[in-house]
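One file, structure.pdb, is given below (PDB, C-alpha atoms).
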```
ATOM      1  CA  MET A  11     -27.287  -6.768  27.180  1.00  0.00           C
ATOM      2  CA  ILE A  12     -30.368  -8.482  25.847  1.00  0.00           C
ATOM      3  CA  ILE A  13     -33.418  -7.913  28.016  1.00  0.00           C
ATOM      4  CA  TYR A  14     -36.361 -10.292  27.796  1.00  0.00           C
ATOM      5  CA  GLY A  15     -38.967  -8.905  25.415  1.00  0.00           C
ATOM      6  CA  HIS A  16     -36.606  -7.118  23.043  1.00  0.00           C
ATOM      7  CA  SER A  17     -36.648  -8.495  19.554  1.00  0.00           C
ATOM      8  CA  GLY A  18     -33.751  -8.686  17.135  1.00  0.00           C
ATOM      9  CA  GLN A  19     -35.248  -5.783  15.238  1.00  0.00           C
ATOM     10  CA  ASP A  20     -35.116  -3.589  18.357  1.00  0.00           C
ATOM     11  CA  ILE A  21     -31.467  -4.497  18.875  1.00  0.00           C
ATOM     12  CA  ARG A  22     -30.629  -3.708  15.234  1.00  0.00           C
ATOM     13  CA  ARG A  23     -32.387  -0.343  15.527  1.00  0.00           C
ATOM     14  CA  ALA A  24     -30.410   0.497  18.667  1.00  0.00           C
ATOM     15  CA  MET A  25     -27.156  -0.429  16.919  1.00  0.00           C
ATOM     16  CA  TRP A  26     -28.117   1.665  13.876  1.00  0.00           C
ATOM     17  CA  ARG A  27     -28.794   4.711  16.067  1.00  0.00           C
ATOM     18  CA  ARG A  28     -25.295   4.386  17.536  1.00  0.00           C
ATOM     19  CA  ARG A  29     -23.683   3.189  14.298  1.00  0.00           C
ATOM     20  CA  TYR A  30     -20.695   5.561  14.401  1.00  0.00           C
ATOM     21  CA  LYS A  31     -19.775   4.483  17.918  1.00  0.00           C
ATOM     22  CA  PHE A  32     -20.241   0.821  16.933  1.00  0.00           C
ATOM     23  CA  LEU A  33     -18.139   1.200  13.774  1.00  0.00           C
ATOM     24  CA  SER A  34     -15.404   3.077  15.613  1.00  0.00           C
ATOM     25  CA  VAL A  35     -15.135   0.290  18.215  1.00  0.00           C
ATOM     26  CA  ILE A  36     -14.899  -2.314  15.430  1.00  0.00           C
ATOM     27  CA  ALA A  37     -12.237  -0.201  13.652  1.00  0.00           C
ATOM     28  CA  VAL A  38     -10.151   0.161  16.827  1.00  0.00           C
ATOM     29  CA  ILE A  39     -10.321  -3.584  17.478  1.00  0.00           C
ATOM     30  CA  GLY A  40      -9.314  -4.293  13.867  1.00  0.00           C
ATOM     31  CA  LEU A  41      -6.413  -1.841  14.080  1.00  0.00           C
ATOM     32  CA  LEU A  42      -5.164  -3.424  17.308  1.00  0.00           C
ATOM     33  CA  VAL A  43      -5.323  -6.897  15.768  1.00  0.00           C
ATOM     34  CA  CYS A  44      -3.347  -5.691  12.729  1.00  0.00           C
ATOM     35  CA  LEU A  45      -0.686  -3.961  14.825  1.00  0.00           C
ATOM     36  CA  THR A  46      -0.360  -6.896  17.197  1.00  0.00           C
ATOM     37  CA  GLY A  47       0.121  -9.282  14.296  1.00  0.00           C
ATOM     38  CA  CYS A  48       2.842  -7.117  12.771  1.00  0.00           C
ATOM     39  CA  GLY A  49       4.736  -6.695  16.026  1.00  0.00           C
ATOM     40  CA  THR A  50       4.962 -10.356  16.934  1.00  0.00           C
ATOM     41  CA  ALA A  51       6.190 -11.623  13.584  1.00  0.00           C
ATOM     42  CA  LYS A  52       9.489 -13.427  13.886  1.00  0.00           C
ATOM     43  CA  LYS A  53      12.092 -11.837  11.659  1.00  0.00           C
ATOM     44  CA  GLU A  54      14.018 -14.635  10.037  1.00  0.00           C
ATOM     45  CA  LYS A  55      15.258 -15.015   6.520  1.00  0.00           C
ATOM     46  CA  ILE A  56      13.484 -17.722   4.568  1.00  0.00           C
ATOM     47  CA  GLU A  57      15.611 -19.327   1.892  1.00  0.00           C
ATOM     48  CA  LEU A  58      13.986 -20.656  -1.238  1.00  0.00           C
ATOM     49  CA  LYS A  59      16.276 -23.602  -1.858  1.00  0.00           C
ATOM     50  CA  ALA A  60      13.959 -25.389  -4.287  1.00  0.00           C
ATOM     51  CA  LEU A  61      13.828 -22.422  -6.653  1.00  0.00           C
ATOM     52  CA  ASP A  62      17.605 -21.909  -6.430  1.00  0.00           C
ATOM     53  CA  ASN A  63      18.121 -25.596  -7.145  1.00  0.00           C
ATOM     54  CA  PHE A  64      15.793 -25.365 -10.163  1.00  0.00           C
ATOM     55  CA  TRP A  65      17.649 -22.422 -11.694  1.00  0.00           C
ATOM     56  CA  GLU A  66      21.026 -24.052 -11.021  1.00  0.00           C
ATOM     57  CA  ARG A  67      19.987 -27.258 -12.805  1.00  0.00           C
ATOM     58  CA  LEU A  68      18.503 -25.275 -15.657  1.00  0.00           C
ATOM     59  CA  ALA A  69      21.701 -23.273 -16.119  1.00  0.00           C
ATOM     60  CA  THR A  70      24.138 -26.209 -15.885  1.00  0.00           C
ATOM     61  CA  GLY A  71      22.101 -28.649 -17.942  1.00  0.00           C
ATOM     62  CA  LYS A  72      22.230 -31.325 -15.241  1.00  0.00           C
ATOM     63  CA  ASN A  73      19.143 -33.438 -14.817  1.00  0.00           C
ATOM     64  CA  SER A  74      18.678 -35.802 -11.878  1.00  0.00           C
ATOM     65  CA  ILE A  75      16.770 -38.265 -14.087  1.00  0.00           C
ATOM     66  CA  GLU A  76      19.728 -38.785 -16.418  1.00  0.00           C
ATOM     67  CA  GLY A  77      22.095 -39.377 -13.545  1.00  0.00           C
TER      68      GLY A  77
END
```
As structure tokens, please, write out the structure in this file.
Amino acid sequence: MIIYGHSGQDIRRAMWRRRYKFLSVIAVIGLLVCLTGCGTAKKEKIELKALDNFWERLATGKNSIEG
């Protein structure tokens, strides 16, 4: 909470005195964000049809330009 009369330098000094507590809170928040992102990912198989099509045309010698 910022109280009238405190400068930014005073706030930075207070944060530096409690730097380990501040860093641990930031680390816990970061860890929760990472774990939440991993848990909500939808597990579906993504097919790369364009790459499969490329290799198939390369192997058979067919080219869509030639018809």
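If you look at atom CA of Val43 of chain A and atom CA of Lys31 of chain A, they are 18.5 Å away from each other.
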Work out how far apart atom CA of Leu45 of chain A and atom CA of Arg29 of chain A are and give it in Å to one decimal. 24.1 Å
Let me have the centre and edge lengths of the axis-aligned box enclosing all listed atoms of segment 55-66 of chain A with 4 Å padding on every side, in Å to one decimal, as AutoDock Vina command-line options.
```
--center_x 17.3 --center_y -20.3 --center_z -2.6 --size_x 15.5 --size_y 18.6 --size_z 26.2
```
Å distance separating atom CA of Ala37 of chain A from atom CA of Met25 of chain A, one decimal place: 15.3 Å
